[in-house]
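Structure data (mmCIF, C-alpha atoms) from coords29.cif:
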```cif
data_entry
#
loop_
_atom_site.group_PDB
_atom_site.id
_atom_site.type_symbol
_atom_site.label_atom_id
_atom_site.label_comp_id
_atom_site.auth_asym_id
_atom_site.auth_seq_id
_atom_site.Cartn_x
_atom_site.Cartn_y
_atom_site.Cartn_z
ATOM 1 C CA MET A 149 45.833 102.188 56.622
ATOM 2 C CA LYS A 150 42.927 102.649 59.028
ATOM 3 C CA LYS A 151 42.897 98.932 59.702
ATOM 4 C CA PHE A 152 46.613 99.002 60.441
ATOM 5 C CA LEU A 153 46.206 101.887 62.896
ATOM 6 C CA SER A 154 43.336 100.106 64.634
ATOM 7 C CA VAL A 155 45.401 96.962 65.022
ATOM 8 C CA LEU A 156 48.321 99.008 66.312
ATOM 9 C CA LEU A 157 46.123 100.781 68.871
ATOM 10 C CA ILE A 158 44.709 97.494 70.105
ATOM 11 C CA ALA A 159 48.216 96.085 70.404
ATOM 12 C CA VAL A 160 49.356 99.097 72.431
ATOM 13 C CA LEU A 161 46.336 98.838 74.736
ATOM 14 C CA LEU A 162 46.843 95.112 75.257
ATOM 15 C CA SER A 163 50.502 95.713 75.973
ATOM 16 C CA SER A 164 49.655 98.408 78.481
ATOM 17 C CA CYS A 165 47.072 96.225 80.223
ATOM 18 C CA SER A 166 49.512 93.336 80.220
ATOM 19 C CA GLN A 167 52.199 95.514 81.795
ATOM 20 C CA TYR A 168 49.824 96.599 84.545
ATOM 21 C CA GLN A 169 48.649 93.041 85.225
ATOM 22 C CA LYS A 170 52.226 91.806 85.348
ATOM 23 C CA ALA A 171 53.018 94.496 87.926
ATOM 24 C CA ILE A 172 49.985 93.455 90.004
ATOM 25 C CA LYS A 173 51.211 89.854 90.067
ATOM 26 C CA SER A 174 54.892 90.657 90.490
ATOM 27 C CA GLU A 175 56.641 90.084 93.811
ATOM 28 C CA ASP A 176 59.123 92.839 92.983
ATOM 29 C CA VAL A 177 58.091 96.067 94.740
ATOM 30 C CA ALA A 178 60.257 98.096 92.342
ATOM 31 C CA VAL A 179 58.228 96.778 89.396
ATOM 32 C CA LYS A 180 55.017 97.714 91.182
ATOM 33 C CA PHE A 181 56.373 101.171 92.040
ATOM 34 C CA ASN A 182 57.480 101.948 88.492
ATOM 35 C CA GLU A 183 54.147 100.829 87.080
ATOM 36 C CA ALA A 184 52.246 102.824 89.690
ATOM 37 C CA VAL A 185 54.168 105.956 88.693
ATOM 38 C CA ARG A 186 53.476 105.209 85.038
ATOM 39 C CA GLN A 187 49.773 104.854 85.715
ATOM 40 C CA TYR A 188 49.796 108.055 87.778
ATOM 41 C CA ASP A 189 51.490 109.989 84.979
ATOM 42 C CA LYS A 190 48.803 108.713 82.594
ATOM 43 C CA GLY A 191 46.069 109.954 84.919
ATOM 44 C CA LYS A 192 45.027 106.415 85.809
ATOM 45 C CA TYR A 193 44.873 107.216 89.498
ATOM 46 C CA ASN A 194 42.748 104.296 90.649
ATOM 47 C CA LYS A 195 45.182 101.845 89.059
ATOM 48 C CA ALA A 196 48.051 103.712 90.680
ATOM 49 C CA ILE A 197 46.276 103.529 94.047
ATOM 50 C CA ARG A 198 45.904 99.771 93.776
ATOM 51 C CA LEU A 199 49.622 99.360 93.275
ATOM 52 C CA PHE A 200 50.553 101.936 95.930
ATOM 53 C CA GLU A 201 48.334 100.110 98.425
ATOM 54 C CA MET A 202 50.213 96.898 97.724
ATOM 55 C CA ILE A 203 53.693 98.325 98.255
ATOM 56 C CA ALA A 204 53.101 100.996 100.927
ATOM 57 C CA PRO A 205 53.852 98.755 103.954
ATOM 58 C CA ALA A 206 57.109 97.533 102.406
ATOM 59 C CA TYR A 207 58.230 100.911 101.071
ATOM 60 C CA ARG A 208 58.676 102.813 104.315
ATOM 61 C CA GLY A 209 62.313 103.700 104.804
ATOM 62 C CA LYS A 210 63.269 103.074 101.184
ATOM 63 C CA PRO A 211 64.961 105.843 99.112
ATOM 64 C CA GLN A 212 61.887 106.404 96.942
ATOM 65 C CA ALA A 213 59.383 106.209 99.788
ATOM 66 C CA GLU A 214 58.904 109.986 99.925
ATOM 67 C CA LYS A 215 57.904 110.152 96.262
ATOM 68 C CA MET A 216 55.728 107.081 96.591
ATOM 69 C CA PHE A 217 53.728 108.386 99.561
ATOM 70 C CA TYR A 218 53.347 111.817 97.981
ATOM 71 C CA LEU A 219 51.909 110.319 94.784
ATOM 72 C CA TYR A 220 49.788 107.969 96.878
ATOM 73 C CA ALA A 221 48.197 110.927 98.679
ATOM 74 C CA GLN A 222 47.793 112.841 95.422
ATOM 75 C CA SER A 223 46.067 109.860 93.820
ATOM 76 C CA TYR A 224 43.453 109.798 96.554
ATOM 77 C CA TYR A 225 43.003 113.569 96.249
ATOM 78 C CA LYS A 226 42.617 113.456 92.475
ATOM 79 C CA THR A 227 39.981 110.724 92.759
ATOM 80 C CA GLU A 228 38.106 112.790 95.387
ATOM 81 C CA GLN A 229 38.664 110.249 98.150
ATOM 82 C CA TYR A 230 39.173 113.060 100.609
ATOM 83 C CA TYR A 231 39.160 111.140 103.887
ATOM 84 C CA LEU A 232 41.998 108.961 102.633
ATOM 85 C CA ALA A 233 43.752 111.898 100.970
ATOM 86 C CA GLY A 234 43.665 113.911 104.184
ATOM 87 C CA TYR A 235 45.040 110.996 106.157
ATOM 88 C CA GLN A 236 47.824 110.296 103.653
ATOM 89 C CA PHE A 237 48.870 113.950 103.384
ATOM 90 C CA GLU A 238 48.976 114.248 107.170
ATOM 91 C CA SER A 239 51.066 111.084 107.358
ATOM 92 C CA PHE A 240 53.383 112.455 104.667
ATOM 93 C CA VAL A 241 53.873 115.747 106.537
ATOM 94 C CA SER A 242 54.644 113.861 109.734
ATOM 95 C CA SER A 243 57.033 111.427 108.043
ATOM 96 C CA TYR A 244 58.917 113.885 105.795
ATOM 97 C CA PRO A 245 59.219 117.244 107.603
ATOM 98 C CA LYS A 246 62.126 118.301 105.357
ATOM 99 C CA SER A 247 60.441 117.440 102.068
ATOM 100 C CA GLU A 248 60.266 120.077 99.364
ATOM 101 C CA LYS A 249 56.618 119.025 99.029
ATOM 102 C CA LEU A 250 55.891 119.765 102.697
ATOM 103 C CA GLU A 251 54.046 123.057 102.139
ATOM 104 C CA GLU A 252 51.904 121.697 99.329
ATOM 105 C CA ALA A 253 51.134 118.510 101.248
ATOM 106 C CA SER A 254 50.183 120.529 104.335
ATOM 107 C CA TYR A 255 47.805 122.642 102.296
ATOM 108 C CA LEU A 256 46.242 119.759 100.379
ATOM 109 C CA GLY A 257 45.752 117.839 103.600
ATOM 110 C CA ALA A 258 43.822 120.766 105.074
ATOM 111 C CA LYS A 259 41.942 121.280 101.827
ATOM 112 C CA SER A 260 40.945 117.600 101.778
ATOM 113 C CA TYR A 261 39.151 118.057 105.085
ATOM 114 C CA SER A 262 37.443 121.205 103.783
ATOM 115 C CA LYS A 263 36.072 119.119 100.904
ATOM 116 C CA LEU A 264 34.380 116.871 103.475
ATOM 117 C CA SER A 265 32.510 119.747 105.105
ATOM 118 C CA PRO A 266 28.756 119.081 104.689
ATOM 119 C CA ARG A 267 25.896 121.556 104.277
ATOM 120 C CA TYR A 268 25.349 123.768 107.321
ATOM 121 C CA SER A 269 22.298 121.881 108.615
ATOM 122 C CA LEU A 270 24.300 118.663 109.166
ATOM 123 C CA ASP A 271 26.881 117.738 111.796
ATOM 124 C CA GLN A 272 29.884 120.041 111.455
ATOM 125 C CA ALA A 273 32.639 117.876 112.956
ATOM 126 C CA ASP A 274 34.485 117.766 109.620
ATOM 127 C CA THR A 275 34.052 121.528 109.212
ATOM 128 C CA ASN A 276 35.636 122.173 112.606
ATOM 129 C CA LYS A 277 38.498 119.845 111.765
ATOM 130 C CA ALA A 278 39.052 121.587 108.419
ATOM 131 C CA ILE A 279 39.065 125.000 110.099
ATOM 132 C CA SER A 280 41.696 123.831 112.556
ATOM 133 C CA LYS A 281 43.863 122.358 109.782
ATOM 134 C CA LEU A 282 43.580 125.459 107.592
ATOM 135 C CA GLN A 283 44.356 127.794 110.481
ATOM 136 C CA ASN A 284 47.443 125.737 111.332
ATOM 137 C CA PHE A 285 48.542 125.970 107.692
ATOM 138 C CA ILE A 286 47.979 129.735 107.556
ATOM 139 C CA ASP A 287 49.950 130.219 110.774
ATOM 140 C CA ALA A 288 52.797 128.014 109.553
ATOM 141 C CA TYR A 289 53.040 129.414 106.008
ATOM 142 C CA PRO A 290 52.089 133.123 105.990
ATOM 143 C CA ASN A 291 53.993 133.640 102.731
ATOM 144 C CA SER A 292 52.648 130.584 100.944
ATOM 145 C CA GLU A 293 51.306 130.747 97.417
ATOM 146 C CA TYR A 294 48.246 128.980 98.849
ATOM 147 C CA PHE A 295 47.747 131.575 101.597
ATOM 148 C CA ALA A 296 44.988 133.605 99.888
ATOM 149 C CA GLU A 297 43.077 130.495 98.797
ATOM 150 C CA ALA A 298 43.364 129.013 102.281
ATOM 151 C CA ASN A 299 41.920 132.203 103.790
ATOM 152 C CA VAL A 300 38.988 132.184 101.376
ATOM 153 C CA THR A 301 38.197 128.561 102.242
ATOM 154 C CA LEU A 302 38.576 129.286 105.951
ATOM 155 C CA ARG A 303 36.101 132.175 105.677
ATOM 156 C CA GLU A 304 33.592 129.984 103.825
ATOM 157 C CA LEU A 305 33.800 127.302 106.504
ATOM 158 C CA THR A 306 33.475 129.843 109.323
ATOM 159 C CA ASP A 307 30.431 131.333 107.592
ATOM 160 C CA LYS A 308 28.914 127.862 107.530
ATOM 161 C CA LEU A 309 29.344 127.484 111.299
ATOM 162 C CA GLU A 310 27.870 130.947 111.812
ATOM 163 C CA LYS A 311 24.904 130.038 109.618
ATOM 164 C CA LYS A 312 24.252 126.852 111.578
ATOM 165 C CA ALA A 313 24.524 128.614 114.950
ATOM 166 C CA PHE A 314 22.230 131.405 113.771
ATOM 167 C CA GLU A 315 19.597 129.031 112.405
ATOM 168 C CA ILE A 316 19.584 127.077 115.673
ATOM 169 C CA ALA A 317 19.111 130.275 117.684
ATOM 170 C CA LYS A 318 16.463 131.578 115.293
ATOM 171 C CA GLN A 319 14.574 128.284 115.508
ATOM 172 C CA TYR A 320 13.627 129.030 119.131
ATOM 173 C CA ASN A 321 11.910 132.184 117.901
ATOM 174 C CA THR A 322 10.162 130.214 115.155
ATOM 175 C CA ILE A 323 8.683 127.740 117.641
ATOM 176 C CA ALA A 324 7.707 130.591 120.011
ATOM 177 C CA ASP A 325 10.107 129.550 122.785
ATOM 178 C CA TYR A 326 10.992 133.188 123.349
ATOM 179 C CA LYS A 327 12.956 132.804 126.591
ATOM 180 C CA SER A 328 15.282 130.272 124.965
ATOM 181 C CA ALA A 329 15.475 132.425 121.839
ATOM 182 C CA LEU A 330 16.749 135.397 123.850
ATOM 183 C CA VAL A 331 19.470 133.300 125.474
ATOM 184 C CA ALA A 332 20.462 131.581 122.227
ATOM 185 C CA LEU A 333 20.566 134.824 120.215
ATOM 186 C CA ASP A 334 22.589 136.568 122.939
ATOM 187 C CA ASN A 335 25.061 133.701 122.889
ATOM 188 C CA PHE A 336 25.226 133.787 119.097
ATOM 189 C CA ILE A 337 26.008 137.519 119.007
ATOM 190 C CA ALA A 338 28.677 137.058 121.694
ATOM 191 C CA ASP A 339 30.266 134.092 119.910
ATOM 192 C CA PHE A 340 30.220 135.749 116.465
ATOM 193 C CA PRO A 341 30.548 139.513 117.060
ATOM 194 C CA GLY A 342 31.464 140.257 113.448
ATOM 195 C CA THR A 343 28.895 137.946 111.882
ATOM 196 C CA LYS A 344 27.034 138.922 108.730
ATOM 197 C CA PHE A 345 23.870 137.658 110.442
ATOM 198 C CA LYS A 346 24.079 140.235 113.238
ATOM 199 C CA GLU A 347 21.236 142.429 111.964
ATOM 200 C CA GLU A 348 18.934 139.435 111.669
ATOM 201 C CA ALA A 349 19.999 138.174 115.086
ATOM 202 C CA LEU A 350 19.260 141.573 116.645
ATOM 203 C CA TYR A 351 15.857 141.663 114.973
ATOM 204 C CA TYR A 352 14.853 138.193 116.130
ATOM 205 C CA LYS A 353 16.091 139.031 119.607
ATOM 206 C CA TYR A 354 13.840 142.093 119.536
ATOM 207 C CA ASP A 355 10.941 140.078 118.159
ATOM 208 C CA SER A 356 11.417 137.464 120.900
ATOM 209 C CA ALA A 357 11.620 140.115 123.611
ATOM 210 C CA TYR A 358 8.506 141.810 122.219
ATOM 211 C CA ASN A 359 6.445 138.622 122.088
ATOM 212 C CA LEU A 360 7.620 137.547 125.526
ATOM 213 C CA ALA A 361 6.597 140.943 126.932
ATOM 214 C CA ILE A 362 3.238 141.234 125.184
ATOM 215 C CA ASN A 363 2.210 137.784 126.387
ATOM 216 C CA SER A 364 3.521 138.166 129.936
ATOM 217 C CA VAL A 365 1.634 138.019 133.175
ATOM 218 C CA PRO A 366 1.017 141.548 134.544
ATOM 219 C CA SER A 367 3.691 141.268 137.253
ATOM 220 C CA LYS A 368 6.451 140.752 134.652
ATOM 221 C CA MET A 369 5.132 142.801 131.763
ATOM 222 C CA GLU A 370 6.634 146.205 132.545
ATOM 223 C CA GLU A 371 10.180 144.882 132.939
ATOM 224 C CA ARG A 372 9.879 142.820 129.779
ATOM 225 C CA LEU A 373 8.443 145.694 127.775
ATOM 226 C CA ASN A 374 11.402 147.846 128.764
ATOM 227 C CA ASN A 375 13.773 145.027 127.808
ATOM 228 C CA ALA A 376 12.051 144.882 124.430
ATOM 229 C CA LYS A 377 12.641 148.631 123.983
ATOM 230 C CA ILE A 378 16.330 148.069 124.708
ATOM 231 C CA ALA A 379 16.372 145.351 122.060
ATOM 232 C CA TYR A 380 14.729 147.775 119.613
ATOM 233 C CA ASN A 381 17.364 150.432 120.347
ATOM 234 C CA ASN A 382 20.167 147.925 119.810
ATOM 235 C CA LEU A 383 18.727 147.007 116.417
ATOM 236 C CA VAL A 384 18.371 150.587 115.126
ATOM 237 C CA LYS A 385 21.724 151.549 116.643
ATOM 238 C CA PHE A 386 23.339 148.795 114.598
ATOM 239 C CA ASN A 387 21.515 149.864 111.446
ATOM 240 C CA GLY A 388 19.211 152.820 111.462
ATOM 241 C CA GLU A 389 17.931 151.850 108.014
ATOM 242 C CA THR A 390 17.417 148.194 108.830
ATOM 243 C CA LYS A 391 15.165 146.239 106.477
ATOM 244 C CA TYR A 392 13.065 145.425 109.539
ATOM 245 C CA LYS A 393 12.484 149.101 110.383
ATOM 246 C CA LYS A 394 8.750 149.326 109.630
ATOM 247 C CA THR A 395 7.891 146.114 111.469
ATOM 248 C CA ALA A 396 10.126 147.104 114.353
ATOM 249 C CA ASP A 397 8.541 150.561 114.588
ATOM 250 C CA ASP A 398 5.034 149.091 114.559
ATOM 251 C CA MET A 399 6.020 146.798 117.418
ATOM 252 C CA LEU A 400 7.501 149.758 119.311
ATOM 253 C CA VAL A 401 4.186 151.629 119.113
ATOM 254 C CA LYS A 402 2.454 148.693 120.804
ATOM 255 C CA ILE A 403 5.192 148.514 123.428
ATOM 256 C CA ASP A 404 4.738 152.204 124.275
ATOM 257 C CA GLN A 405 0.961 151.820 124.378
ATOM 258 C CA ASN A 406 1.296 148.962 126.866
ATOM 259 C CA LEU A 407 3.812 150.904 128.959
ATOM 260 C CA GLN A 408 1.445 153.833 129.363
ATOM 261 C CA GLN A 409 -0.520 151.964 132.015
ATOM 262 C CA TYR A 410 2.605 151.895 134.188
ATOM 263 C CA ASN A 411 3.290 155.630 133.780
ATOM 264 C CA LYS A 412 0.017 156.800 135.279
#
```
Will you turn the file into structure tokens for me?
Amino acid sequence: MKKFLSVLLIAVLLSSCSQYQKAIKSEDVAVKFNEAVRQYDKGKYNKAIRLFEMIAPAYRGKPQAEKMFYLYAQSYYKTEQYYLAGYQFESFVSSYPKSEKLEEASYLGAKSYSKLSPRYSLDQADTNKAISKLQNFIDAYPNSEYFAEANVTLRELTDKLEKKAFEIAKQYNTIADYKSALVALDNFIADFPGTKFKEEALYYKYDSAYNLAINSVPSKMEERLNNAKIAYNNLVKFNGETKYKKTADDMLVKIDQNLQQYNK
């Protein structure tokens, strides 16, 4: 019995492979399409892609073209080929604006680009593109079932841009380029007023102002010390119980000690 079942399974597999190979060699696009759909339904997405690639140029304008291009895009998405998936979903949306799959395709196209977003320290061109695509989707489909998920992804991508911008600004402080740090941190706070990194940005702005003042030539020290006090006040105004409070207070004592020479 076991031997019979094994033989039967092998026969089925050979038949399936033979059917796929016949479709590959066939000149009939309908044969290729039907086999591609069969492979897709079986979860054999790479095999489906091979067939879809072969018939895509000839299928435009045909009655089943909408289904074919939708499955084509889905196959790329399901095999994590996100550049190609994003392109195919965008093409689908453009080609079939009345499709019942339009909303889903619009979302998956945007989501494909979000999947390409790299870690924050790398170039964020794909992140910016994903943000734009997701925002367009959210604006177009405020009642979509994908709305909440799209917003979560959008927030994650925005956080990544904030993180990169903050780390760049903070880096000037790290390398002791305090003038540049002040400008960069000011720009960061202006560009991301609601950022979760605001407390840190205010602290490093204060630290930069403090170090710039303490190490200044006498003619510029008083003004810079007072600017550092303003930076301190902005930090504690934002959060009176900031985690940097002790360090900030110690720095303030030194600022006041240095200012005393100008109050005599």
Best match for closeness to A:Phe345 among A:Glu304, A:Glu310, A:Glu228, A:Glu251, counting all atoms listed in the file
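Between A:Glu304, A:Glu310, A:Glu228, A:Glu251, the residue approaching A:Phe345 most closely is A:Glu310.
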Go through A:Ile279, A:Ala206, A:Val401, A:Ala213 one by one, measure the shortest atom-to-atom distance of each to A:Thr306 using all atoms listed in the file, and give the residue with the smallest value.
A:Ile279
Evaluated on this file, the PyMOL selection byres ((chain A and resi 175-181) around 12) picks out some residues - which ones are they, written as a PyMOL selection string?
chain A and resi 167-174+182-188+195-208+210-213+215-217+219-220
Can I get the selection written as a PDB file, keeping the file's coordinate frame, with C-alpha atoms?
```
ATOM      1  CA  GLN A 167      52.199  95.514  81.795  1.00  0.00           C
ATOM      2  CA  TYR A 168      49.824  96.599  84.545  1.00  0.00           C
ATOM      3  CA  GLN A 169      48.649  93.041  85.225  1.00  0.00           C
ATOM      4  CA  LYS A 170      52.226  91.806  85.348  1.00  0.00           C
ATOM      5  CA  ALA A 171      53.018  94.496  87.926  1.00  0.00           C
ATOM      6  CA  ILE A 172      49.985  93.455  90.004  1.00  0.00           C
ATOM      7  CA  LYS A 173      51.211  89.854  90.067  1.00  0.00           C
ATOM      8  CA  SER A 174      54.892  90.657  90.490  1.00  0.00           C
ATOM      9  CA  ASN A 182      57.480 101.948  88.492  1.00  0.00           C
ATOM     10  CA  GLU A 183      54.147 100.829  87.080  1.00  0.00           C
ATOM     11  CA  ALA A 184      52.246 102.824  89.690  1.00  0.00           C
ATOM     12  CA  VAL A 185      54.168 105.956  88.693  1.00  0.00           C
ATOM     13  CA  ARG A 186      53.476 105.209  85.038  1.00  0.00           C
ATOM     14  CA  GLN A 187      49.773 104.854  85.715  1.00  0.00           C
ATOM     15  CA  TYR A 188      49.796 108.055  87.778  1.00  0.00           C
ATOM     16  CA  LYS A 195      45.182 101.845  89.059  1.00  0.00           C
ATOM     17  CA  ALA A 196      48.051 103.712  90.680  1.00  0.00           C
ATOM     18  CA  ILE A 197      46.276 103.529  94.047  1.00  0.00           C
ATOM     19  CA  ARG A 198      45.904  99.771  93.776  1.00  0.00           C
ATOM     20  CA  LEU A 199      49.622  99.360  93.275  1.00  0.00           C
ATOM     21  CA  PHE A 200      50.553 101.936  95.930  1.00  0.00           C
ATOM     22  CA  GLU A 201      48.334 100.110  98.425  1.00  0.00           C
ATOM     23  CA  MET A 202      50.213  96.898  97.724  1.00  0.00           C
ATOM     24  CA  ILE A 203      53.693  98.325  98.255  1.00  0.00           C
ATOM     25  CA  ALA A 204      53.101 100.996 100.927  1.00  0.00           C
ATOM     26  CA  PRO A 205      53.852  98.755 103.954  1.00  0.00           C
ATOM     27  CA  ALA A 206      57.109  97.533 102.406  1.00  0.00           C
ATOM     28  CA  TYR A 207      58.230 100.911 101.071  1.00  0.00           C
ATOM     29  CA  ARG A 208      58.676 102.813 104.315  1.00  0.00           C
ATOM     30  CA  LYS A 210      63.269 103.074 101.184  1.00  0.00           C
ATOM     31  CA  PRO A 211      64.961 105.843  99.112  1.00  0.00           C
ATOM     32  CA  GLN A 212      61.887 106.404  96.942  1.00  0.00           C
ATOM     33  CA  ALA A 213      59.383 106.209  99.788  1.00  0.00           C
ATOM     34  CA  LYS A 215      57.904 110.152  96.262  1.00  0.00           C
ATOM     35  CA  MET A 216      55.728 107.081  96.591  1.00  0.00           C
ATOM     36  CA  PHE A 217      53.728 108.386  99.561  1.00  0.00           C
ATOM     37  CA  LEU A 219      51.909 110.319  94.784  1.00  0.00           C
ATOM     38  CA  TYR A 220      49.788 107.969  96.878  1.00  0.00           C
TER      39      TYR A 220
END
```
Given the choices A:Asn406, A:Ser292, A:Asn284, A:Thr390, which gets closest to A:Arg372 if the distance is worked out from all atoms listed in the file?
A:Asn406
Identify, on the basis of all atoms listed in the file, every residue whose closest approach to A:Ala338 does not exceed 12 Å; exclude the query and any residue fewer than 5 positions from it along the same chain; express the result as a list in words.
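Listed by chain and then number, they are Glu310, Ala313, Phe314, Val331, Ala332, Leu333, Thr343, Lys346, Ala349 and Leu350 of chain A.
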Written as a list in words, which residues does the PyMOL selection byres ((chain A and resi 360) around 9) give for the file shown?
Ala324, Asp325, Tyr326, Lys327, Asp355, Ser356, Ala357, Tyr358, Asn359, Ala361, Ile362, Asn363, Ser364, Met369, Arg372, Leu373 and Ala376 of chain A
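Going from atom CA of A:Tyr354 to atom CA of A:Met399 covers 9.4 Å.
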Name the residues captured by the PyMOL selection byres ((chain A and resi 262-276) around 9) when it is applied to the shown file; answer as a list in words.
Glu228, Tyr230, Tyr231, Gly257, Ala258, Lys259, Ser260, Tyr261, Lys277, Ala278, Ile279, Ser280, Lys281, Leu282, Thr301, Leu302, Leu305, Thr306, Lys308, Leu309, Glu310, Lys311, Lys312 and Glu315 of chain A
For stretch 314-324 of chain A, what centre and edge lengths in Å (one decimal) does the axis-aligned box get once 5 Å is added on each side of all its listed atoms, as lines of an AutoDock Vina configuration file?
```
center_x = 15.0
center_y = 129.6
center_z = 116.2
size_x = 24.5
size_y = 15.1
size_z = 17.6
```
Record the distance separating atom CA of A:Thr395 and atom CA of A:Ile316, expressed in Å with one decimal.
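The value is 22.7 Å.
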Can you tell me how far atom CA of A:Phe285 sits from atom CA of A:Ser239, in Å to one decimal?
15.1 Å
A:Leu250 environment, 10 Å, all atoms listed in the file, sequence neighbours closer than 3 positions dropped, as a PyMOL selection string:
chain A and resi 218+237-238+240-247+253-256
Would you mind completing stretch 378-398 of chain A so that it carries N, CA and C atoms, and writing it out as a PDB file, in the coordinates of the input?
```pdb
ATOM      1  N   ILE A 378      14.871 148.114 124.788  1.00  0.00           N
ATOM      2  CA  ILE A 378      16.330 148.069 124.708  1.00  0.00           C
ATOM      3  C   ILE A 378      16.756 147.268 123.477  1.00  0.00           C
ATOM      4  N   ALA A 379      16.066 146.172 123.238  1.00  0.00           N
ATOM      5  CA  ALA A 379      16.372 145.351 122.060  1.00  0.00           C
ATOM      6  C   ALA A 379      16.100 146.121 120.778  1.00  0.00           C
ATOM      7  N   TYR A 380      15.024 146.920 120.773  1.00  0.00           N
ATOM      8  CA  TYR A 380      14.729 147.775 119.613  1.00  0.00           C
ATOM      9  C   TYR A 380      15.869 148.776 119.389  1.00  0.00           C
ATOM     10  N   ASN A 381      16.292 149.430 120.449  1.00  0.00           N
ATOM     11  CA  ASN A 381      17.364 150.432 120.347  1.00  0.00           C
ATOM     12  C   ASN A 381      18.667 149.817 119.843  1.00  0.00           C
ATOM     13  N   ASN A 382      18.954 148.602 120.281  1.00  0.00           N
ATOM     14  CA  ASN A 382      20.167 147.925 119.810  1.00  0.00           C
ATOM     15  C   ASN A 382      20.100 147.636 118.315  1.00  0.00           C
ATOM     16  N   LEU A 383      18.908 147.284 117.841  1.00  0.00           N
ATOM     17  CA  LEU A 383      18.727 147.007 116.417  1.00  0.00           C
ATOM     18  C   LEU A 383      18.943 148.267 115.578  1.00  0.00           C
ATOM     19  N   VAL A 384      18.254 149.366 115.938  1.00  0.00           N
ATOM     20  CA  VAL A 384      18.371 150.587 115.126  1.00  0.00           C
ATOM     21  C   VAL A 384      19.724 151.266 115.318  1.00  0.00           C
ATOM     22  N   LYS A 385      20.367 151.029 116.458  1.00  0.00           N
ATOM     23  CA  LYS A 385      21.724 151.549 116.643  1.00  0.00           C
ATOM     24  C   LYS A 385      22.694 150.852 115.708  1.00  0.00           C
ATOM     25  N   PHE A 386      22.487 149.553 115.510  1.00  0.00           N
ATOM     26  CA  PHE A 386      23.339 148.795 114.598  1.00  0.00           C
ATOM     27  C   PHE A 386      23.109 149.227 113.164  1.00  0.00           C
ATOM     28  N   ASN A 387      21.847 149.425 112.796  1.00  0.00           N
ATOM     29  CA  ASN A 387      21.515 149.864 111.446  1.00  0.00           C
ATOM     30  C   ASN A 387      20.216 150.661 111.475  1.00  0.00           C
ATOM     31  N   GLY A 388      20.377 151.952 111.408  1.00  0.00           N
ATOM     32  CA  GLY A 388      19.211 152.820 111.462  1.00  0.00           C
ATOM     33  C   GLY A 388      18.261 152.645 110.299  1.00  0.00           C
ATOM     34  N   GLU A 389      18.759 152.088 109.201  1.00  0.00           N
ATOM     35  CA  GLU A 389      17.931 151.850 108.014  1.00  0.00           C
ATOM     36  C   GLU A 389      17.700 150.356 107.812  1.00  0.00           C
ATOM     37  N   THR A 390      17.615 149.639 108.904  1.00  0.00           N
ATOM     38  CA  THR A 390      17.417 148.194 108.830  1.00  0.00           C
ATOM     39  C   THR A 390      16.192 147.830 107.986  1.00  0.00           C
ATOM     40  N   LYS A 391      16.284 146.711 107.310  1.00  0.00           N
ATOM     41  CA  LYS A 391      15.165 146.239 106.477  1.00  0.00           C
ATOM     42  C   LYS A 391      13.953 145.875 107.325  1.00  0.00           C
ATOM     43  N   TYR A 392      14.157 145.755 108.633  1.00  0.00           N
ATOM     44  CA  TYR A 392      13.065 145.425 109.539  1.00  0.00           C
ATOM     45  C   TYR A 392      12.455 146.673 110.183  1.00  0.00           C
ATOM     46  N   LYS A 393      12.838 147.846 109.706  1.00  0.00           N
ATOM     47  CA  LYS A 393      12.484 149.101 110.383  1.00  0.00           C
ATOM     48  C   LYS A 393      10.972 149.275 110.551  1.00  0.00           C
ATOM     49  N   LYS A 394      10.188 149.098 109.524  1.00  0.00           N
ATOM     50  CA  LYS A 394       8.750 149.326 109.630  1.00  0.00           C
ATOM     51  C   LYS A 394       8.108 148.376 110.633  1.00  0.00           C
ATOM     52  N   THR A 395       8.446 147.099 110.535  1.00  0.00           N
ATOM     53  CA  THR A 395       7.891 146.114 111.469  1.00  0.00           C
ATOM     54  C   THR A 395       8.331 146.424 112.888  1.00  0.00           C
ATOM     55  N   ALA A 396       9.589 146.782 113.031  1.00  0.00           N
ATOM     56  CA  ALA A 396      10.126 147.104 114.353  1.00  0.00           C
ATOM     57  C   ALA A 396       9.436 148.331 114.945  1.00  0.00           C
ATOM     58  N   ASP A 397       9.209 149.344 114.117  1.00  0.00           N
ATOM     59  CA  ASP A 397       8.541 150.561 114.588  1.00  0.00           C
ATOM     60  C   ASP A 397       7.095 150.280 114.986  1.00  0.00           C
ATOM     61  N   ASP A 398       6.412 149.457 114.222  1.00  0.00           N
ATOM     62  CA  ASP A 398       5.034 149.091 114.559  1.00  0.00           C
ATOM     63  C   ASP A 398       4.988 148.374 115.910  1.00  0.00           C
TER      64      ASP A 398
END
```
